[in-house]
Amino acid sequence: MLPALLLIITSFSFGQIVINEIHYNPSINLGFEDADYEFVELFNYSDNDIDITGWSFVSFEIHYEFGHHILGSGEYVLLCRNANTYEGCIDHHGGSLYNDGDQLWLRDNHHNIIDYVVYDDGQDNHDEFPPQADAEGPSIELIN
C-alpha cells in the first residue's frame, strides 16, 4: 500500500469495528484507472472475533453487504473497487468513492450504525483534511 497520511477522520463509532483507512483519490500516476486503487479498510480493535455476516458498507455510490465473514480480533479487511489491485481485498462491486468528499456508513445485520465517517478533499479553507490525500498518493487514516 502507499504511505498513509496520518490524520483524524471525522468518525462517529458505535462499535468495535471502525472505518480505519480511506484511499478515496489515489495518484493518477499508478498505471491504471485511478479508482481501481481506491479502498476502505475496516479494523476490529476488540479482543474478540466478530461475525460481520450480513453487515453493510454504504457510500453515495457503493452498497456492499458482507457474505459469511468473521473479522478476527486485531484484523483488518479491505473493500476495493477492483479486488485485483490489492492482495486479499474484497470487491465491493460498486462505484467509486467521491473525490471531493463522501459519507461512509458501516451497519450491522440489524441496520444499527457501527461507524460513520465524513471526509472531504482538503481543497477549501474550511476543509478539515489536508489536500495531499487528494490525488497525490496518500490515504487518510484514523489515528486516534
# chains A, B, ... in the order shown; residues from 1 in each chain; ligands from 1

call {"tool": "residues_around", "arguments": {"residues": "A:Ser96", "least_positions_apart": "6", "cutoff": "10 Å", "atoms": "only C-alpha atoms", "output": "list in words"}}
result
Tyr24, Asn25, Asp34, Ala35, Asp36, Tyr37, Glu38, Phe39, Ser59, Phe60, Glu61, Ile62, Cys80, Arg81 and Asn82 of chain A

call {"tool": "residues_around", "arguments": {"residues": "A:Asp51", "least_positions_apart": "4", "cutoff": "10 Å", "atoms": "only C-alpha atoms", "output": "compact mmCIF listing (two decimals) with N, CA, C and O atoms, in the first residue's frame"}}
result
# COMPACT_ATOMS: atom_id res chain seq x y z
N TRP A 55 -23.53 -7.63 7.42
CA TRP A 55 -23.26 -6.22 7.64
C TRP A 55 -23.17 -5.52 6.29
O TRP A 55 -22.91 -6.13 5.27
N PHE A 66 -21.79 -7.88 3.31
CA PHE A 66 -20.87 -8.98 3.53
C PHE A 66 -21.60 -10.32 3.51
O PHE A 66 -22.66 -10.46 4.10
N HIS A 68 -20.73 -14.49 4.37
CA HIS A 68 -20.16 -15.06 5.60
C HIS A 68 -18.74 -14.56 5.78
O HIS A 68 -17.87 -14.79 4.95
N HIS A 69 -18.51 -13.82 6.88
CA HIS A 69 -17.18 -13.27 7.14
C HIS A 69 -17.01 -13.06 8.64
O HIS A 69 -17.83 -12.40 9.27
N ILE A 70 -15.94 -13.60 9.18
CA ILE A 70 -15.55 -13.38 10.57
C ILE A 70 -14.32 -12.49 10.54
O ILE A 70 -13.32 -12.82 9.91
N LEU A 71 -14.39 -11.35 11.21
CA LEU A 71 -13.24 -10.46 11.31
C LEU A 71 -12.59 -10.71 12.66
O LEU A 71 -13.16 -10.41 13.71
N GLY A 72 -11.41 -11.31 12.61
CA GLY A 72 -10.72 -11.68 13.84
C GLY A 72 -10.27 -10.48 14.66
O GLY A 72 -10.12 -9.37 14.15
N ASP A 108 -24.56 -2.95 11.02
CA ASP A 108 -24.61 -4.38 11.30
C ASP A 108 -25.82 -5.01 10.60
O ASP A 108 -26.56 -4.32 9.89
N ASN A 109 -26.02 -6.31 10.80
CA ASN A 109 -27.10 -7.02 10.10
C ASN A 109 -28.49 -6.64 10.60
O ASN A 109 -29.48 -7.07 10.03

call {"tool": "atom_distance", "arguments": {"atom1": "atom CA of A:Ile50", "atom2": "atom CA of A:Tyr76"}}
result
11.6 Å

call {"tool": "atom_distance", "arguments": {"atom1": "atom CA of A:Val117", "atom2": "atom CA of A:His63"}}
result
15.0 Å

call {"tool": "residues_around", "arguments": {"residues": "A:His111", "least_positions_apart": "2", "cutoff": "12 Å", "atoms": "only C-alpha atoms", "output": "PyMOL selection string"}}
result
chain A and resi 52+54-58+65+105-109+113-115

call {"tool": "atom_distance", "arguments": {"atom1": "atom CA of A:Tyr119", "atom2": "atom CA of A:Tyr86"}}
result
22.6 Å
